[in-house]
>>> print(open('final_6.txt').read())   # compact mmCIF, C-alpha atoms
# COMPACT_ATOMS: atom_id res chain seq x y z
CA MET W 1 -0.24 208.64 155.79
CA THR W 2 -1.52 205.09 156.29
CA SER W 3 -4.01 204.55 159.09
CA SER W 4 -3.26 201.87 161.64
CA PRO W 5 -5.32 198.62 161.66
CA TRP W 6 -6.89 199.72 164.96
CA VAL W 7 -8.16 202.97 163.42
CA LEU W 8 -9.50 201.13 160.36
CA ASN W 9 -11.33 198.60 162.52
CA ARG W 10 -12.80 201.41 164.60
CA ARG W 11 -14.06 203.17 161.46
CA ARG W 12 -15.58 199.94 160.14
CA ARG W 13 -17.42 199.39 163.43
CA ALA W 14 -18.68 202.97 163.37
CA TRP W 15 -19.92 202.60 159.79
CA GLY W 16 -21.51 199.25 160.68
CA LYS W 17 -23.37 200.74 163.63
CA THR W 18 -24.51 203.70 161.53
CA THR W 19 -25.76 201.42 158.76
CA ALA W 20 -27.59 199.19 161.23
CA GLY W 21 -29.17 202.25 162.87
CA VAL W 22 -30.34 203.62 159.52
CA LEU W 23 -31.84 200.28 158.52
CA LEU W 24 -33.65 199.83 161.83
CA THR W 25 -34.97 203.40 161.63
CA ALA W 26 -36.21 202.77 158.09
CA VAL W 27 -38.02 199.61 159.20
CA MET W 28 -39.68 201.38 162.13
CA LEU W 29 -40.71 204.39 160.03
CA PHE W 30 -41.97 202.36 157.07
CA PRO W 31 -45.56 202.14 158.46
CA VAL W 32 -45.59 205.94 158.74
CA TYR W 33 -44.35 206.30 155.17
CA TRP W 34 -46.94 203.80 153.92
CA MET W 35 -49.70 205.63 155.78
CA ILE W 36 -48.75 208.86 154.00
CA ASN W 37 -48.44 207.05 150.67
CA VAL W 38 -51.89 205.47 150.93
CA SER W 39 -53.44 208.79 152.01
CA PHE W 40 -52.59 210.17 148.53
CA THR W 41 -53.52 207.01 146.59
CA ARG W 42 -56.68 206.80 144.50
CA ASP W 43 -59.33 204.20 145.38
CA GLN W 44 -58.85 202.36 142.08
CA ASP W 45 -55.12 201.97 142.77
CA MET W 46 -55.50 200.50 146.27
CA ARG W 47 -55.49 196.87 145.16
CA LYS W 48 -52.84 197.29 142.50
CA SER W 49 -50.23 194.50 142.46
CA PRO W 50 -47.46 195.26 143.02
CA PRO W 51 -48.48 198.43 144.86
CA ASP W 52 -46.92 201.76 143.92
CA LEU W 53 -44.19 202.85 146.31
CA LEU W 54 -45.13 206.42 145.44
CA PRO W 55 -48.61 207.77 144.62
CA MET W 56 -48.18 207.97 140.82
CA HIS W 57 -51.65 209.48 140.39
CA GLY W 58 -51.97 211.30 143.69
CA THR W 59 -55.27 212.63 144.96
CA LEU W 60 -56.31 214.95 147.79
CA THR W 61 -59.74 213.39 148.11
CA GLY W 62 -58.88 211.84 151.48
CA TYR W 63 -57.74 215.16 152.92
CA ARG W 64 -60.85 216.94 151.65
CA THR W 65 -62.88 214.29 153.45
CA VAL W 66 -60.92 214.99 156.65
CA LEU W 67 -61.76 218.69 156.44
CA ASP W 68 -65.42 217.94 155.80
CA GLU W 69 -65.98 215.27 158.45
CA GLN W 70 -63.17 215.08 161.01
CA LEU W 71 -62.59 218.67 162.14
CA PRO W 72 -65.07 218.46 165.09
CA TYR W 73 -63.23 215.39 166.41
CA LEU W 74 -59.88 217.17 166.06
CA GLY W 75 -61.23 220.23 167.87
CA THR W 76 -62.47 218.11 170.76
CA SER W 77 -59.12 216.32 171.02
CA LEU W 78 -57.29 219.66 171.12
CA VAL W 79 -59.52 221.00 173.89
CA VAL W 80 -59.21 217.79 175.93
CA ALA W 81 -55.43 217.59 175.46
CA LEU W 82 -54.83 221.22 176.45
CA GLY W 83 -57.17 220.88 179.43
CA THR W 84 -55.31 217.75 180.52
CA VAL W 85 -51.99 219.60 180.30
CA VAL W 86 -53.23 222.50 182.42
CA LEU W 87 -54.79 220.25 185.07
CA THR W 88 -51.77 217.94 185.20
CA VAL W 89 -49.26 220.76 185.68
CA ALA W 90 -51.51 222.52 188.21
CA LEU W 91 -51.72 219.38 190.36
CA ALA W 92 -48.31 217.81 189.84
CA ALA W 93 -46.00 220.83 190.15
CA PRO W 94 -46.99 221.74 193.75
CA ALA W 95 -47.01 218.06 194.70
CA GLY W 96 -43.51 217.57 193.26
CA TYR W 97 -42.27 220.66 195.11
CA ALA W 98 -43.71 219.40 198.38
CA LEU W 99 -42.10 215.97 198.01
CA ALA W 100 -38.75 217.40 196.90
CA LYS W 101 -38.29 220.30 199.29
CA LEU W 102 -40.92 220.34 202.01
CA ARG W 103 -40.53 216.63 202.83
CA PRO W 104 -44.02 216.06 204.31
CA ARG W 105 -44.69 213.18 206.66
CA GLY W 106 -45.60 210.10 204.64
CA GLY W 107 -43.86 211.37 201.52
CA GLY W 108 -42.20 208.02 200.88
CA ILE W 109 -45.53 206.23 201.02
CA LEU W 110 -47.00 208.77 198.62
CA SER W 111 -44.15 208.28 196.16
CA PHE W 112 -44.69 204.52 196.28
CA ALA W 113 -48.42 205.02 195.74
CA LEU W 114 -47.68 207.12 192.65
CA LEU W 115 -45.53 204.34 191.24
CA ALA W 116 -48.23 201.79 191.98
CA ALA W 117 -50.88 203.99 190.34
CA GLN W 118 -48.99 203.82 187.04
CA MET W 119 -49.30 200.03 187.06
CA ILE W 120 -53.12 199.98 187.20
CA PRO W 121 -54.56 199.01 183.78
CA GLY W 122 -56.44 201.83 182.11
CA ILE W 123 -59.56 199.75 181.54
CA ILE W 124 -59.95 199.19 185.29
CA MET W 125 -59.73 202.93 185.93
CA ALA W 126 -62.17 203.55 183.08
CA MET W 127 -64.74 201.27 184.68
CA GLY W 128 -64.35 203.10 187.98
CA PHE W 129 -64.78 206.47 186.30
CA TYR W 130 -67.83 205.18 184.46
CA ALA W 131 -69.57 204.26 187.71
CA ILE W 132 -68.68 207.60 189.30
CA TYR W 133 -69.63 209.71 186.28
CA LEU W 134 -72.91 207.84 185.87
CA SER W 135 -73.98 208.97 189.33
CA LEU W 136 -72.63 212.52 188.84
CA GLY W 137 -74.02 213.03 185.35
CA LEU W 138 -70.58 213.60 183.80
CA LEU W 139 -70.73 210.91 181.11
CA GLN W 140 -70.18 212.16 177.55
CA SER W 141 -68.69 215.42 178.84
CA VAL W 142 -65.40 217.09 177.98
CA PRO W 143 -64.52 218.03 181.61
CA GLY W 144 -65.06 214.43 182.67
CA LEU W 145 -62.70 213.18 179.97
CA ILE W 146 -60.07 215.77 180.95
CA VAL W 147 -60.13 214.60 184.57
CA ALA W 148 -59.90 210.96 183.52
CA ASP W 149 -56.98 211.57 181.15
CA SER W 150 -55.17 213.52 183.86
CA THR W 151 -55.05 210.43 186.05
CA LEU W 152 -52.69 208.88 183.50
CA ALA W 153 -50.33 211.84 183.53
CA VAL W 154 -50.35 213.11 187.13
CA PRO W 155 -48.39 210.24 188.79
CA PHE W 156 -45.66 210.39 186.14
CA ALA W 157 -45.64 214.19 186.31
CA VAL W 158 -45.21 214.27 190.09
CA LEU W 159 -42.20 211.95 189.84
CA ILE W 160 -40.62 214.12 187.12
CA PHE W 161 -41.17 217.32 189.10
CA THR W 162 -39.84 215.71 192.28
CA ALA W 163 -36.65 214.57 190.57
CA PHE W 164 -36.09 217.93 188.91
CA MET W 165 -36.88 220.12 191.92
CA SER W 166 -34.66 218.02 194.17
CA GLY W 167 -31.71 219.43 192.22
CA ILE W 168 -32.59 223.06 192.92
CA PRO W 169 -30.07 224.47 195.44
CA GLY W 170 -31.54 224.81 198.90
CA GLU W 171 -29.62 228.06 199.38
CA LEU W 172 -31.92 229.80 196.88
CA LEU W 173 -34.98 228.77 198.84
CA GLN W 174 -33.40 229.81 202.12
CA ALA W 175 -32.53 233.21 200.63
CA ALA W 176 -36.13 233.67 199.51
CA THR W 177 -37.36 232.78 202.99
CA MET W 178 -34.98 235.29 204.56
CA ASP W 179 -36.36 237.94 202.19
CA GLY W 180 -39.84 237.30 203.53
CA ALA W 181 -41.22 235.02 200.81
CA GLY W 182 -43.64 232.36 201.96
CA THR W 183 -43.84 228.80 200.69
CA TRP W 184 -46.27 229.59 197.87
CA ARG W 185 -44.36 232.73 196.80
CA THR W 186 -41.09 230.78 196.75
CA PHE W 187 -42.66 228.07 194.63
CA ARG W 188 -44.29 230.49 192.19
CA SER W 189 -41.43 232.97 191.80
CA ILE W 190 -38.33 230.77 192.08
CA VAL W 191 -39.00 227.05 191.83
CA LEU W 192 -41.49 227.01 188.97
CA PRO W 193 -39.48 229.31 186.62
CA MET W 194 -36.38 227.18 187.25
CA SER W 195 -38.35 224.04 186.41
CA ARG W 196 -39.12 225.05 182.83
CA ASN W 197 -37.64 221.86 181.36
CA ALA W 198 -39.74 219.70 183.67
CA VAL W 199 -42.88 221.71 182.86
CA VAL W 200 -42.32 221.23 179.12
CA THR W 201 -41.62 217.52 179.58
CA VAL W 202 -44.73 216.95 181.67
CA SER W 203 -46.86 219.04 179.32
CA LEU W 204 -45.67 217.09 176.29
CA PHE W 205 -46.34 213.66 177.78
CA ALA W 206 -49.73 214.75 179.15
CA PHE W 207 -50.67 216.10 175.71
CA LEU W 208 -49.56 212.92 173.92
CA TRP W 209 -51.32 210.59 176.35
CA SER W 210 -54.54 212.55 176.15
CA TRP W 211 -54.36 212.98 172.37
CA SER W 212 -53.90 209.24 171.79
CA ASP W 213 -56.31 208.01 174.48
CA PHE W 214 -58.89 205.51 173.31
CA VAL W 215 -59.85 203.54 176.44
CA PHE W 216 -61.27 206.47 178.42
CA ALA W 217 -62.79 208.04 175.31
CA SER W 218 -64.60 204.88 174.22
CA THR W 219 -65.84 204.24 177.76
CA LEU W 220 -66.82 207.73 178.94
CA VAL W 221 -67.82 209.80 175.88
CA ASN W 222 -68.69 207.26 173.17
CA GLY W 223 -71.90 208.32 171.43
CA GLY W 224 -71.85 211.84 172.83
CA ALA W 225 -71.71 215.15 171.01
CA HIS W 226 -68.02 215.70 171.78
CA GLU W 227 -65.83 212.76 170.74
CA PRO W 228 -62.02 212.94 170.26
CA ILE W 229 -60.19 212.03 167.07
CA THR W 230 -59.40 208.50 168.23
CA LEU W 231 -63.12 207.73 168.23
CA GLY W 232 -63.48 209.63 164.96
CA ILE W 233 -60.98 207.29 163.30
CA TYR W 234 -62.61 204.26 164.92
CA HIS W 235 -66.08 205.18 163.67
CA TYR W 236 -64.71 206.13 160.29
CA ILE W 237 -63.08 202.74 159.79
CA GLY W 238 -66.32 201.04 160.68
CA ASN W 239 -68.41 203.16 158.34
CA ASN W 240 -66.02 203.51 155.40
CA ASN W 241 -63.79 200.45 155.44
CA GLN W 242 -63.14 200.69 151.68
CA GLU W 243 -62.03 204.34 151.57
CA TRP W 244 -58.52 203.76 152.82
CA ASN W 245 -57.11 207.00 151.46
CA ALA W 246 -59.56 208.96 153.64
CA ILE W 247 -58.83 206.76 156.65
CA MET W 248 -55.07 207.19 156.26
CA ALA W 249 -55.44 210.91 155.60
CA THR W 250 -57.30 211.18 158.90
CA ALA W 251 -54.49 209.29 160.64
CA VAL W 252 -51.87 211.60 159.08
CA VAL W 253 -53.70 214.76 160.17
CA ALA W 254 -54.24 213.33 163.67
CA SER W 255 -50.51 212.57 163.96
CA LEU W 256 -49.29 216.02 162.92
CA PRO W 257 -49.90 217.99 166.16
CA ALA W 258 -48.12 215.43 168.32
CA ALA W 259 -45.21 215.13 165.87
CA VAL W 260 -44.73 218.90 165.61
CA ILE W 261 -44.86 219.40 169.38
CA LEU W 262 -42.39 216.57 169.94
CA VAL W 263 -39.89 218.03 167.46
CA LEU W 264 -40.14 221.52 168.95
CA ALA W 265 -39.83 220.34 172.56
CA GLN W 266 -37.30 217.53 172.26
CA ARG W 267 -34.37 219.39 173.83
CA TYR W 268 -36.47 220.39 176.83
CA VAL W 269 -37.73 216.81 177.16
CA ALA W 270 -34.19 215.40 177.19
CA ALA W 271 -33.22 217.79 179.98
CA GLY W 272 -36.44 217.19 181.93
CA VAL W 273 -36.31 213.40 181.80
CA SER W 274 -32.64 213.25 182.79
CA ALA W 275 -33.12 215.72 185.65
CA GLY W 276 -32.28 214.22 188.99
CA ALA W 277 -30.37 211.31 187.49
CA VAL W 278 -27.05 212.74 188.64
CA LYS W 279 -26.66 214.74 191.82
CA ASP W 280 -23.67 216.48 193.31
>>> encode(input="final_6.txt", output="C-alpha cells")
Amino acid sequence: MTSSPWVLNRRRRAWGKTTAGVLLTAVMLFPVYWMINVSFTRDQDMRKSPPDLLPMHGTLTGYRTVLDEQLPYLGTSLVVALGTVVLTVALAAPAGYALAKLRPRGGGILSFALLAAQMIPGIIMAMGFYAIYLSLGLLQSVPGLIVADSTLAVPFAVLIFTAFMSGIPGELLQAATMDGAGTWRTFRSIVLPMSRNAVVTVSLFAFLWSWSDFVFASTLVNGGAHEPITLGIYHYIGNNNQEWNAIMATAVVASLPAAVILVLAQRYVAAGVSAGAVKD
C-alpha cells in the first residue's frame, strides 16, 4: 500500500527533527566526552596532532591522583550539599504551605520578595555574608557555607512548594481539621507526604547548586581546612596546569554524584516543576 504524500512529508519532517536533535545533543555533550577522553590520556599524548578521539594508550594515573589528593574536597562538598538540602527543605516546605493554604497577611509581598531575591547577584550576597561571618567568627566553616548556599535555594524552593501545595484539595485539610489535627499535624501528616515530588525537586536543585557553588566557597572558606571540590579543582589547576589527565579526572569524579542523582530523580523533577501549572 502506497503512503500518501502528506504521510511521507510528515515522516520526513519527523526524521529531520530527530536528526537535528541528535546532532545538537552531540555538540552539547562533546565537551563532556572530551573531558572523559582526556582523563584517560597519557601526559605524552596530550599534545599529539591530530589528537586521539579515543585514549589509545589509556592510563588511570589521573584517577589515582584524585583518590590521593581530592577525596577531602569531595567529602566536604558532600557534607555541605546534604546540609544545604536539609536546611532548604526545612525552611521552604513550611513557608510554601503557609503561602499556599494559610494565606497569611502580606503573602503577596513575600512572594514578590522571593522573586526579587533570586535576581540578586551571588557576589553581592557573598560580600554581605563575608562581613557578617567576619564579626561572628564563621569564616572558613562548613555551617557558614551551608547557610550561605541555602540562600540560593530557599527562594526557588518556596515558590515550588507553593505551586505544588496549592493543588492539594482543600477538602483533605478540612477533614484533618475536623478530626482534631492542628496546623502543624496537618502539614506533617498530610501535606508533606503528598508533596513528595516537590521535595525531590527542591532537594535536587539545592544539592546541585551547593555542589557546583564557587562564589560563596571562594569568598567564605578559601584557605580553610574544609574546602569543597570546586576550590579543589581551582587550586589543582593552578598548581598542576600541565597534568591535564588528573585535572579532567577530578572533573569527571566531581560530576558523577550530580549526574547520578539527576538520572534517578528526573521523573520526580518533571512532576515537581510542572506542579501548579494547570489547575482545575
>>> closest_residue(input="final_6.txt", among="W:Ser49, W:Trp15, W:Gly224, W:Thr177", to="Leu138 in chain W", atoms="only C-alpha atoms")
W:Gly224
>>> closest_residue(input="final_6.txt", among="W:Ile146, W:Val200, W:Ile36, W:Ala153", to="Leu82 in chain W", atoms="all atoms listed in the file")
W:Ile146
>>> atom_distance(input="final_6.txt", atom1="CA of Phe156 in chain W", atom2="CA of Phe205 in chain W")
9.0 Å
>>> closest_residue(input="final_6.txt", among="W:Val85, W:Met165, W:Leu208, W:Val260", to="Ala98 in chain W", atoms="all atoms listed in the file")
W:Met165
>>> atom_distance(input="final_6.txt", atom1="CA of Ala117 in chain W", atom2="CA of Gly83 in chain W")
21.1 Å
>>> atom_distance(input="final_6.txt", atom1="CA of Thr151 in chain W", atom2="CA of Thr88 in chain W")
8.2 Å
>>> closest_residue(input="final_6.txt", among="W:Trp244, W:Phe187, W:Tyr97, W:Phe207", to="Ser166 in chain W", atoms="only C-alpha atoms")
W:Tyr97
>>> axis_aligned_box(input="final_6.txt", around="range 41-59 of chain W", padding_each_side="5 Å", output="AutoDock Vina command-line options")
--center_x -51.8 --center_y 203.6 --center_z 143.5 --size_x 25.1 --size_y 28.1 --size_z 16.2
>>> closest_residue(input="final_6.txt", among="W:Ala198, W:Val221, W:Leu87, W:Ala20", to="Ala126 in chain W", atoms="only C-alpha atoms")
W:Val221
>>> residues_near_point(input="final_6.txt", point="(-58.0, 207.1, 151.2)", cutoff="10 Å", atoms="only C-alpha atoms", output="list of chain:residue names")
W:Met35, W:Ile36, W:Asn37, W:Val38, W:Ser39, W:Phe40, W:Thr41, W:Arg42, W:Asp43, W:Met46, W:Thr59, W:Leu60, W:Thr61, W:Gly62, W:Tyr63, W:Thr65, W:Asn240, W:Asn241, W:Gln242, W:Glu243, W:Trp244, W:Asn245, W:Ala246, W:Ile247, W:Met248, W:Ala249, W:Thr250
>>> residues_near_point(input="final_6.txt", point="(-44.2, 207.8, 197.7)", cutoff="12 Å", atoms="all atoms listed in the file", output="number ranges by chain")
W: 95-96, 98-100, 103-117, 155-156, 158-159, 162
>>> closest_residue(input="final_6.txt", among="W:Ala251, W:Ile160, W:Leu91, W:Ala26", to="Asn197 in chain W", atoms="all atoms listed in the file")
W:Ile160
>>> residues_around(input="final_6.txt", residues="Gln70 in chain W", least_positions_apart="6", cutoff="10 Å", atoms="only C-alpha atoms", output="list in words")
Tyr63, Arg64, Pro228, Ile229, Gly232, Ile233, Tyr236, Thr250, Val253 and Ala254 of chain W
>>> decode(input="final_6.txt", residues="range 87-101 of chain W", atoms="all heavy atoms", output="mmCIF file, in the first residue's frame")
data_model
loop_
_atom_site.group_PDB
_atom_site.id
_atom_site.type_symbol
_atom_site.label_atom_id
_atom_site.label_comp_id
_atom_site.auth_asym_id
_atom_site.auth_seq_id
_atom_site.Cartn_x
_atom_site.Cartn_y
_atom_site.Cartn_z
ATOM 1 N N LEU W 87 18.518 21.941 55.223
ATOM 2 C CA LEU W 87 18.118 23.277 55.670
ATOM 3 C C LEU W 87 17.116 23.910 54.715
ATOM 4 O O LEU W 87 16.148 24.557 55.153
ATOM 5 C CB LEU W 87 19.365 24.160 55.792
ATOM 6 C CG LEU W 87 19.138 25.582 56.315
ATOM 7 C CD1 LEU W 87 18.483 25.559 57.695
ATOM 8 C CD2 LEU W 87 20.449 26.354 56.373
ATOM 9 N N THR W 88 17.316 23.708 53.412
ATOM 10 C CA THR W 88 16.398 24.295 52.429
ATOM 11 C C THR W 88 14.995 23.715 52.564
ATOM 12 O O THR W 88 14.003 24.458 52.590
ATOM 13 C CB THR W 88 16.930 24.056 51.008
ATOM 14 O OG1 THR W 88 18.200 24.700 50.868
ATOM 15 C CG2 THR W 88 15.966 24.599 49.963
ATOM 16 N N VAL W 89 14.891 22.399 52.653
ATOM 17 C CA VAL W 89 13.575 21.765 52.785
ATOM 18 C C VAL W 89 12.927 22.158 54.109
ATOM 19 O O VAL W 89 11.715 22.434 54.171
ATOM 20 C CB VAL W 89 13.701 20.235 52.659
ATOM 21 C CG1 VAL W 89 12.363 19.558 52.953
ATOM 22 C CG2 VAL W 89 14.179 19.852 51.266
ATOM 23 N N ALA W 90 13.714 22.198 55.176
ATOM 24 C CA ALA W 90 13.163 22.533 56.494
ATOM 25 C C ALA W 90 12.593 23.944 56.525
ATOM 26 O O ALA W 90 11.593 24.207 57.219
ATOM 27 C CB ALA W 90 14.244 22.373 57.564
ATOM 28 N N LEU W 91 13.194 24.872 55.790
ATOM 29 C CA LEU W 91 12.700 26.253 55.774
ATOM 30 C C LEU W 91 11.620 26.480 54.723
ATOM 31 O O LEU W 91 10.634 27.181 54.970
ATOM 32 C CB LEU W 91 13.865 27.211 55.511
ATOM 33 C CG LEU W 91 14.941 27.319 56.590
ATOM 34 C CD1 LEU W 91 16.066 28.241 56.125
ATOM 35 C CD2 LEU W 91 14.361 27.801 57.898
ATOM 36 N N ALA W 92 11.807 25.885 53.546
ATOM 37 C CA ALA W 92 10.936 26.213 52.423
ATOM 38 C C ALA W 92 9.601 25.479 52.466
ATOM 39 O O ALA W 92 8.587 26.031 52.027
ATOM 40 C CB ALA W 92 11.658 25.891 51.104
ATOM 41 N N ALA W 93 9.580 24.245 52.945
ATOM 42 C CA ALA W 93 8.323 23.489 52.944
ATOM 43 C C ALA W 93 7.252 24.145 53.819
ATOM 44 O O ALA W 93 6.123 24.364 53.355
ATOM 45 C CB ALA W 93 8.578 22.045 53.369
ATOM 46 N N PRO W 94 7.543 24.499 55.076
ATOM 47 C CA PRO W 94 6.510 25.199 55.867
ATOM 48 C C PRO W 94 6.131 26.552 55.273
ATOM 49 O O PRO W 94 4.962 26.947 55.314
ATOM 50 C CB PRO W 94 7.172 25.364 57.243
ATOM 51 C CG PRO W 94 8.236 24.319 57.291
ATOM 52 C CD PRO W 94 8.735 24.188 55.886
ATOM 53 N N ALA W 95 7.122 27.260 54.715
ATOM 54 C CA ALA W 95 6.815 28.562 54.112
ATOM 55 C C ALA W 95 5.896 28.401 52.902
ATOM 56 O O ALA W 95 4.946 29.173 52.713
ATOM 57 C CB ALA W 95 8.108 29.269 53.707
ATOM 58 N N GLY W 96 6.170 27.392 52.058
ATOM 59 C CA GLY W 96 5.309 27.137 50.915
ATOM 60 C C GLY W 96 3.907 26.756 51.328
ATOM 61 O O GLY W 96 2.919 27.181 50.707
ATOM 62 N N TYR W 97 3.787 25.956 52.390
ATOM 63 C CA TYR W 97 2.468 25.554 52.894
ATOM 64 C C TYR W 97 1.695 26.772 53.404
ATOM 65 O O TYR W 97 0.490 26.919 53.139
ATOM 66 C CB TYR W 97 2.644 24.532 54.011
ATOM 67 C CG TYR W 97 1.387 24.183 54.747
ATOM 68 C CD1 TYR W 97 0.290 23.639 54.085
ATOM 69 C CD2 TYR W 97 1.283 24.395 56.119
ATOM 70 C CE1 TYR W 97 -0.876 23.309 54.768
ATOM 71 C CE2 TYR W 97 0.130 24.079 56.819
ATOM 72 C CZ TYR W 97 -0.946 23.534 56.128
ATOM 73 O OH TYR W 97 -2.093 23.214 56.813
ATOM 74 N N ALA W 98 2.396 27.652 54.113
ATOM 75 C CA ALA W 98 1.724 28.840 54.637
ATOM 76 C C ALA W 98 1.224 29.731 53.499
ATOM 77 O O ALA W 98 0.083 30.220 53.532
ATOM 78 C CB ALA W 98 2.688 29.619 55.537
ATOM 79 N N LEU W 99 2.053 29.936 52.480
ATOM 80 C CA LEU W 99 1.633 30.790 51.364
ATOM 81 C C LEU W 99 0.521 30.152 50.547
ATOM 82 O O LEU W 99 -0.358 30.846 50.033
ATOM 83 C CB LEU W 99 2.830 31.089 50.459
ATOM 84 C CG LEU W 99 3.911 32.006 51.049
ATOM 85 C CD1 LEU W 99 5.088 32.118 50.092
ATOM 86 C CD2 LEU W 99 3.338 33.383 51.340
ATOM 87 N N ALA W 100 0.534 28.815 50.428
ATOM 88 C CA ALA W 100 -0.445 28.143 49.577
ATOM 89 C C ALA W 100 -1.790 27.958 50.252
ATOM 90 O O ALA W 100 -2.835 28.111 49.608
ATOM 91 C CB ALA W 100 0.104 26.784 49.139
ATOM 92 N N LYS W 101 -1.772 27.632 51.547
ATOM 93 C CA LYS W 101 -3.016 27.239 52.209
ATOM 94 C C LYS W 101 -3.448 28.150 53.362
ATOM 95 O O LYS W 101 -4.633 28.310 53.612
ATOM 96 C CB LYS W 101 -2.885 25.802 52.735
ATOM 97 C CG LYS W 101 -2.758 24.757 51.636
ATOM 98 C CD LYS W 101 -3.958 24.768 50.710
ATOM 99 C CE LYS W 101 -3.879 23.697 49.636
ATOM 100 N NZ LYS W 101 -5.042 23.761 48.716
#
